[in-house]
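This is run.cif. It holds mmCIF, C-alpha atoms; chains and numbers go by the auth columns.
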data_entry
loop_
_atom_site.group_PDB
_atom_site.id
_atom_site.type_symbol
_atom_site.label_atom_id
_atom_site.label_comp_id
_atom_site.label_asym_id
_atom_site.label_seq_id
_atom_site.Cartn_x
_atom_site.Cartn_y
_atom_site.Cartn_z
_atom_site.B_iso_or_equiv
_atom_site.auth_seq_id
_atom_site.auth_asym_id
ATOM 1 C CA MET A 1 -20.758 102.533 -7.541 0.00 1 A
ATOM 2 C CA GLU A 2 -18.984 102.118 -10.737 0.00 2 A
ATOM 3 C CA GLN A 3 -15.416 101.020 -10.709 0.00 3 A
ATOM 4 C CA ASN A 4 -13.106 102.125 -13.323 0.00 4 A
ATOM 5 C CA THR A 5 -10.637 99.465 -14.106 0.00 5 A
ATOM 6 C CA ILE A 6 -7.666 100.304 -16.016 0.00 6 A
ATOM 7 C CA ASN A 7 -6.614 97.607 -18.363 0.00 7 A
ATOM 8 C CA PRO A 8 -2.913 97.328 -18.677 0.00 8 A
ATOM 9 C CA PRO A 9 -1.671 97.840 -22.172 0.00 9 A
ATOM 10 C CA ALA A 10 -1.760 94.591 -24.150 0.00 10 A
ATOM 11 C CA ILE A 11 1.613 92.988 -24.359 0.00 11 A
ATOM 12 C CA LYS A 12 2.296 91.857 -27.809 0.00 12 A
ATOM 13 C CA ARG A 13 3.999 88.516 -27.731 0.00 13 A
ATOM 14 C CA ARG A 14 6.437 87.848 -30.440 0.00 14 A
ATOM 15 C CA GLY A 15 7.717 84.444 -31.375 0.00 15 A
ATOM 16 C CA ALA A 16 11.311 83.655 -31.974 0.00 16 A
ATOM 17 C CA PRO A 17 12.730 85.033 -35.183 0.00 17 A
ATOM 18 C CA LEU A 18 12.026 82.918 -38.237 0.00 18 A
ATOM 19 C CA TRP A 19 15.654 81.835 -38.620 0.00 19 A
ATOM 20 C CA ILE A 20 15.674 80.402 -35.068 0.00 20 A
ATOM 21 C CA GLN A 21 12.410 78.546 -35.709 0.00 21 A
ATOM 22 C CA LEU A 22 13.829 77.072 -38.908 0.00 22 A
ATOM 23 C CA LEU A 23 17.001 76.071 -37.102 0.00 23 A
ATOM 24 C CA VAL A 24 15.025 74.303 -34.352 0.00 24 A
ATOM 25 C CA TRP A 25 12.869 72.441 -36.894 0.00 25 A
ATOM 26 C CA ALA A 26 15.924 71.423 -38.918 0.00 26 A
ATOM 27 C CA GLY A 27 17.568 70.107 -35.746 0.00 27 A
ATOM 28 C CA LEU A 28 14.472 68.095 -34.829 0.00 28 A
ATOM 29 C CA LEU A 29 14.252 66.683 -38.341 0.00 29 A
ATOM 30 C CA ALA A 30 17.935 65.677 -38.259 0.00 30 A
ATOM 31 C CA LEU A 31 17.402 63.959 -34.881 0.00 31 A
ATOM 32 C CA LEU A 32 14.422 62.008 -36.261 0.00 32 A
ATOM 33 C CA VAL A 33 16.432 60.895 -39.304 0.00 33 A
ATOM 34 C CA ILE A 34 19.293 59.701 -37.072 0.00 34 A
ATOM 35 C CA LEU A 35 16.886 57.803 -34.798 0.00 35 A
ATOM 36 C CA GLY A 36 15.126 56.270 -37.810 0.00 36 A
ATOM 37 C CA LEU A 37 18.402 55.065 -39.323 0.00 37 A
ATOM 38 C CA GLY A 38 19.433 53.612 -35.972 0.00 38 A
ATOM 39 C CA LEU A 39 16.168 51.690 -35.665 0.00 39 A
ATOM 40 C CA PHE A 40 16.443 50.457 -39.249 0.00 40 A
ATOM 41 C CA ARG A 41 19.982 49.162 -38.639 0.00 41 A
ATOM 42 C CA ALA A 42 18.970 47.549 -35.355 0.00 42 A
ATOM 43 C CA GLN A 43 16.190 45.619 -37.067 0.00 43 A
ATOM 44 C CA HIS A 44 18.258 44.362 -39.971 0.00 44 A
ATOM 45 C CA PRO A 45 21.220 42.015 -39.841 0.00 45 A
ATOM 46 C CA ILE A 46 24.606 43.626 -40.282 0.00 46 A
ATOM 47 C CA LEU A 47 25.968 40.922 -42.555 0.00 47 A
ATOM 48 C CA LYS A 48 24.385 40.439 -45.911 0.00 48 A
ATOM 49 C CA ILE A 49 24.229 37.193 -47.833 0.00 49 A
ATOM 50 C CA GLY A 50 27.389 36.993 -49.949 0.00 50 A
ATOM 51 C CA SER A 51 29.576 38.979 -47.558 0.00 51 A
ATOM 52 C CA LYS A 52 32.708 37.629 -45.896 0.00 52 A
ATOM 53 C CA VAL A 53 32.187 37.009 -42.182 0.00 53 A
ATOM 54 C CA PRO A 54 34.803 38.704 -39.979 0.00 54 A
ATOM 55 C CA ASP A 55 36.940 36.350 -37.931 0.00 55 A
ATOM 56 C CA PHE A 56 35.972 35.668 -34.326 0.00 56 A
ATOM 57 C CA THR A 57 37.060 33.278 -31.596 0.00 57 A
ATOM 58 C CA LEU A 58 34.578 31.313 -29.495 0.00 58 A
ATOM 59 C CA LYS A 59 35.752 30.089 -26.083 0.00 59 A
ATOM 60 C CA LEU A 60 34.075 26.721 -25.612 0.00 60 A
ATOM 61 C CA PHE A 61 32.343 25.196 -22.600 0.00 61 A
ATOM 62 C CA ASP A 62 34.125 22.300 -20.893 0.00 62 A
ATOM 63 C CA GLY A 63 32.904 19.122 -22.549 0.00 63 A
ATOM 64 C CA TYR A 64 31.965 20.943 -25.761 0.00 64 A
ATOM 65 C CA GLN A 65 35.405 21.452 -27.283 0.00 65 A
ATOM 66 C CA TYR A 66 36.260 21.175 -30.941 0.00 66 A
ATOM 67 C CA GLN A 67 39.002 18.599 -31.602 0.00 67 A
ATOM 68 C CA GLN A 68 40.083 18.854 -27.940 0.00 68 A
ATOM 69 C CA ALA A 69 40.640 22.638 -28.233 0.00 69 A
ATOM 70 C CA SER A 70 39.091 24.949 -25.640 0.00 70 A
ATOM 71 C CA GLN A 71 38.404 27.623 -28.254 0.00 71 A
ATOM 72 C CA VAL A 72 37.854 27.820 -31.977 0.00 72 A
ATOM 73 C CA SER A 73 38.252 30.671 -34.446 0.00 73 A
ATOM 74 C CA LEU A 74 36.226 31.009 -37.598 0.00 74 A
ATOM 75 C CA SER A 75 39.389 31.379 -39.697 0.00 75 A
ATOM 76 C CA SER A 76 40.640 27.977 -38.479 0.00 76 A
ATOM 77 C CA LEU A 77 37.568 26.366 -40.076 0.00 77 A
ATOM 78 C CA ARG A 78 38.257 27.499 -43.663 0.00 78 A
ATOM 79 C CA GLY A 79 37.525 24.673 -46.075 0.00 79 A
ATOM 80 C CA LYS A 80 34.465 23.597 -44.080 0.00 80 A
ATOM 81 C CA VAL A 81 30.851 24.712 -44.117 0.00 81 A
ATOM 82 C CA VAL A 82 30.250 26.445 -40.780 0.00 82 A
ATOM 83 C CA VAL A 83 26.862 26.630 -39.072 0.00 83 A
ATOM 84 C CA VAL A 84 26.725 29.238 -36.285 0.00 84 A
ATOM 85 C CA ASN A 85 23.616 28.882 -34.139 0.00 85 A
ATOM 86 C CA PHE A 86 22.768 31.566 -31.551 0.00 86 A
ATOM 87 C CA TRP A 87 20.643 30.247 -28.703 0.00 87 A
ATOM 88 C CA ALA A 88 19.887 30.711 -24.992 0.00 88 A
ATOM 89 C CA SER A 89 18.576 28.435 -22.260 0.00 89 A
ATOM 90 C CA TRP A 90 15.698 30.844 -21.548 0.00 90 A
ATOM 91 C CA CYS A 91 14.547 30.779 -25.195 0.00 91 A
ATOM 92 C CA VAL A 92 11.481 28.559 -25.739 0.00 92 A
ATOM 93 C CA THR A 93 11.908 28.274 -29.522 0.00 93 A
ATOM 94 C CA CYS A 94 15.590 27.372 -29.023 0.00 94 A
ATOM 95 C CA ALA A 95 14.388 24.336 -27.070 0.00 95 A
ATOM 96 C CA ASP A 96 12.041 23.474 -29.946 0.00 96 A
ATOM 97 C CA GLU A 97 14.931 23.678 -32.425 0.00 97 A
ATOM 98 C CA ALA A 98 17.620 21.929 -30.337 0.00 98 A
ATOM 99 C CA PRO A 99 16.766 18.299 -31.240 0.00 99 A
ATOM 100 C CA ALA A 100 16.834 19.073 -34.987 0.00 100 A
ATOM 101 C CA MET A 101 20.171 20.914 -34.671 0.00 101 A
ATOM 102 C CA GLU A 102 21.745 17.960 -32.836 0.00 102 A
ATOM 103 C CA ALA A 103 20.305 15.439 -35.336 0.00 103 A
ATOM 104 C CA ALA A 104 21.716 17.496 -38.233 0.00 104 A
ATOM 105 C CA TRP A 105 25.110 17.654 -36.482 0.00 105 A
ATOM 106 C CA GLN A 106 25.067 13.860 -36.066 0.00 106 A
ATOM 107 C CA TYR A 107 24.350 13.519 -39.784 0.00 107 A
ATOM 108 C CA TYR A 108 27.195 15.798 -40.930 0.00 108 A
ATOM 109 C CA GLN A 109 29.802 15.263 -38.225 0.00 109 A
ATOM 110 C CA PRO A 110 31.318 11.930 -39.427 0.00 110 A
ATOM 111 C CA ASP A 111 32.745 13.306 -42.711 0.00 111 A
ATOM 112 C CA GLY A 112 34.124 16.502 -41.087 0.00 112 A
ATOM 113 C CA LYS A 113 33.035 18.800 -43.938 0.00 113 A
ATOM 114 C CA VAL A 114 30.537 20.699 -41.773 0.00 114 A
ATOM 115 C CA VAL A 115 31.111 22.223 -38.327 0.00 115 A
ATOM 116 C CA PHE A 116 28.342 23.424 -36.047 0.00 116 A
ATOM 117 C CA LEU A 117 29.114 26.119 -33.466 0.00 117 A
ATOM 118 C CA GLY A 118 26.570 26.903 -30.778 0.00 118 A
ATOM 119 C CA VAL A 119 26.852 30.423 -29.383 0.00 119 A
ATOM 120 C CA ASP A 120 25.063 30.886 -26.064 0.00 120 A
ATOM 121 C CA TYR A 121 23.707 34.429 -25.803 0.00 121 A
ATOM 122 C CA THR A 122 23.429 36.329 -22.498 0.00 122 A
ATOM 123 C CA ASP A 123 22.978 33.326 -20.279 0.00 123 A
ATOM 124 C CA VAL A 124 24.215 31.885 -17.009 0.00 124 A
ATOM 125 C CA ASP A 125 26.769 29.110 -17.633 0.00 125 A
ATOM 126 C CA SER A 126 25.014 26.645 -15.303 0.00 126 A
ATOM 127 C CA LYS A 127 21.675 27.138 -17.119 0.00 127 A
ATOM 128 C CA ALA A 128 23.362 26.877 -20.514 0.00 128 A
ATOM 129 C CA LEU A 129 25.077 23.614 -19.565 0.00 129 A
ATOM 130 C CA GLU A 130 21.771 22.271 -18.232 0.00 130 A
ATOM 131 C CA PHE A 131 20.150 23.100 -21.582 0.00 131 A
ATOM 132 C CA LEU A 132 22.925 21.362 -23.561 0.00 132 A
ATOM 133 C CA SER A 133 22.661 18.291 -21.350 0.00 133 A
ATOM 134 C CA ARG A 134 18.852 18.157 -21.515 0.00 134 A
ATOM 135 C CA PHE A 135 18.956 18.021 -25.328 0.00 135 A
ATOM 136 C CA SER A 136 22.072 15.795 -25.505 0.00 136 A
ATOM 137 C CA ILE A 137 23.890 18.410 -27.585 0.00 137 A
ATOM 138 C CA THR A 138 27.369 17.263 -28.636 0.00 138 A
ATOM 139 C CA TYR A 139 28.574 19.891 -31.116 0.00 139 A
ATOM 140 C CA PRO A 140 30.996 22.644 -30.003 0.00 140 A
ATOM 141 C CA ASN A 141 29.307 25.292 -27.871 0.00 141 A
ATOM 142 C CA GLY A 142 30.397 28.298 -25.877 0.00 142 A
ATOM 143 C CA PRO A 143 29.190 31.549 -24.373 0.00 143 A
ATOM 144 C CA ASP A 144 29.302 34.849 -26.203 0.00 144 A
ATOM 145 C CA LEU A 145 31.495 36.459 -23.557 0.00 145 A
ATOM 146 C CA GLY A 146 30.903 40.190 -23.446 0.00 146 A
ATOM 147 C CA THR A 147 28.527 39.759 -26.412 0.00 147 A
ATOM 148 C CA ARG A 148 31.425 40.183 -28.834 0.00 148 A
ATOM 149 C CA ILE A 149 30.297 37.660 -31.458 0.00 149 A
ATOM 150 C CA THR A 150 26.574 38.450 -31.693 0.00 150 A
ATOM 151 C CA PRO A 151 26.994 42.028 -33.019 0.00 151 A
ATOM 152 C CA ILE A 152 29.128 40.715 -35.884 0.00 152 A
ATOM 153 C CA PHE A 153 25.974 39.097 -37.255 0.00 153 A
ATOM 154 C CA ASN A 154 23.039 41.116 -35.940 0.00 154 A
ATOM 155 C CA LYS A 155 22.815 43.869 -33.301 0.00 155 A
ATOM 156 C CA ASN A 156 19.169 43.098 -32.616 0.00 156 A
ATOM 157 C CA ILE A 157 19.367 39.329 -32.448 0.00 157 A
ATOM 158 C CA ALA A 158 16.230 37.224 -32.048 0.00 158 A
ATOM 159 C CA MET A 159 16.672 33.804 -30.513 0.00 159 A
ATOM 160 C CA PRO A 160 17.413 31.477 -32.191 0.00 160 A
ATOM 161 C CA GLU A 161 19.280 32.675 -35.235 0.00 161 A
ATOM 162 C CA THR A 162 21.507 30.567 -37.472 0.00 162 A
ATOM 163 C CA TYR A 163 24.103 31.724 -40.001 0.00 163 A
ATOM 164 C CA ILE A 164 25.694 29.348 -42.501 0.00 164 A
ATOM 165 C CA MET A 165 29.017 30.111 -44.157 0.00 165 A
ATOM 166 C CA ASP A 166 30.573 28.360 -47.115 0.00 166 A
ATOM 167 C CA GLN A 167 34.091 26.912 -47.220 0.00 167 A
ATOM 168 C CA GLU A 168 35.570 30.387 -47.868 0.00 168 A
ATOM 169 C CA GLY A 169 33.858 32.016 -44.877 0.00 169 A
ATOM 170 C CA VAL A 170 31.209 33.773 -46.958 0.00 170 A
ATOM 171 C CA LEU A 171 27.698 34.022 -45.513 0.00 171 A
ATOM 172 C CA ARG A 172 25.351 31.967 -47.700 0.00 172 A
ATOM 173 C CA GLN A 173 22.265 31.366 -45.549 0.00 173 A
ATOM 174 C CA GLU A 174 20.597 32.956 -42.547 0.00 174 A
ATOM 175 C CA GLN A 175 17.699 31.643 -40.537 0.00 175 A
ATOM 176 C CA ILE A 176 15.988 34.129 -38.236 0.00 176 A
ATOM 177 C CA GLY A 177 13.919 32.027 -35.849 0.00 177 A
ATOM 178 C CA PRO A 178 14.035 28.262 -35.403 0.00 178 A
ATOM 179 C CA PHE A 179 14.597 25.629 -38.041 0.00 179 A
ATOM 180 C CA GLN A 180 11.574 23.343 -38.040 0.00 180 A
ATOM 181 C CA SER A 181 13.260 20.082 -39.053 0.00 181 A
ATOM 182 C CA VAL A 182 16.477 18.326 -39.995 0.00 182 A
ATOM 183 C CA ALA A 183 15.290 18.368 -43.625 0.00 183 A
ATOM 184 C CA GLU A 184 15.083 22.169 -43.496 0.00 184 A
ATOM 185 C CA ILE A 185 18.624 22.391 -42.079 0.00 185 A
ATOM 186 C CA ARG A 186 19.923 19.991 -44.726 0.00 186 A
ATOM 187 C CA SER A 187 18.261 22.002 -47.494 0.00 187 A
ATOM 188 C CA ALA A 188 20.390 24.988 -46.395 0.00 188 A
ATOM 189 C CA ILE A 189 23.676 23.046 -46.083 0.00 189 A
ATOM 190 C CA ASP A 190 23.649 20.414 -48.837 0.00 190 A
ATOM 191 C CA PRO A 191 23.868 22.865 -51.771 0.00 191 A
ATOM 192 C CA LEU A 192 27.058 24.322 -50.241 0.00 192 A
ATOM 193 C CA LEU A 193 28.636 20.852 -50.074 0.00 193 A
ATOM 194 C CA SER A 194 27.837 20.207 -53.718 0.00 194 A
ATOM 195 C CA GLY A 195 29.309 23.565 -54.738 0.00 195 A
ATOM 196 C CA LYS A 196 26.016 25.271 -55.601 0.00 196 A
#

In structure tokens, write the structure found in this file.
Amino acid sequence: MEQNTINPPAIKRRGAPLWIQLLVWAGLLALLVILGLGLFRAQHPILKIGSKVPDFTLKLFDGYQYQQASQVSLSSLRGKVVVVNFWASWCVTCADEAPAMEAAWQYYQPDGKVVFLGVDYTDVDSKALEFLSRFSITYPNGPDLGTRITPIFNKNIAMPETYIMDQEGVLRQEQIGPFQSVAEIRSAIDPLLSGK
């Protein structure tokens, strides 16, 4: 027996009107551009060499004060070369760099023309203090409370990072990753002391 099947009439599917399609594609393209710019900014330091560093205040750990003060602001250090080193106790390469940073501080500290500031990034105070003690660090150090200082320099910070400002508070050197030796640190600082 033959069955007659009746095929329903074909439904013609129509896409969205061209103007809606173009609008959707333009929106997607705009979103990709915004995301791309955000990623680019996150991977590149905010401050550029030659730019004035905005003022900030670092609350210091007990035992790591600067001239008996429990906090220090960048603006109070005008006239000195300032070395800001971002580190963390959980950072392996920070541990590799720590002895060289302390040795460089010991070299520059007597004449008072250079100040080192250690900024502990997202750490537990007890672990940070353990780290400072283990490497016999003596230069001023404090936590970046609420991560307020780090984003001034770089929103996507990689530990360690070091930024060196001249006597006017202008960024002159940046070191992403650890310094390998005291000689390398001195090669970044000495030209600033001689006015170069």

Original post:
Of the residues A:Phe86, A:Tyr121, A:Tyr163, A:Tyr64, which is the one nearest to Ile137 (chain A), using all atoms listed in the file?
Top reply: A:Tyr64

Subject >> Shortest interatomic distance to Ile49 (chain A) - which of A:Gly118, A:Gly177, A:Gly169, A:Gly15, counting only C-alpha atoms >> reply: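 Comparing A:Gly118, A:Gly177, A:Gly169, A:Gly15 against Ile49 (chain A), the winner is A:Gly169.
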
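Proximity to Tyr66 (chain A) was assessed for A:Gln109, A:Lys155, A:Thr147, A:Gln180 counting only C-alpha atoms; the smallest distance is recorded for A:Gln109.
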
Starting from the shown file, work through the PyMOL selection byres ((chain A and resi 51-55) around 7) and note down what comes out as a CSV table (one decimal) with C-alpha atoms, in the frame of the given file.
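Contents of selection-v3.csv, as written:
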chain,number,residue,atom,x,y,z
A,47,LEU,CA,26.0,40.9,-42.6
A,48,LYS,CA,24.4,40.4,-45.9
A,49,ILE,CA,24.2,37.2,-47.8
A,50,GLY,CA,27.4,37.0,-49.9
A,56,PHE,CA,36.0,35.7,-34.3
A,73,SER,CA,38.3,30.7,-34.4
A,74,LEU,CA,36.2,31.0,-37.6
A,75,SER,CA,39.4,31.4,-39.7
A,169,GLY,CA,33.9,32.0,-44.9
A,170,VAL,CA,31.2,33.8,-47.0
A,171,LEU,CA,27.7,34.0,-45.5

Subject >> Distance of CA of Gln65 (chain A) from CA of Asn154 (chain A), expressed in Å to one decimal place >> reply: 24.8 Å

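Interatomic distance, CA of Ala104 (chain A) against CA of Val182 (chain A): 5.6 Å.
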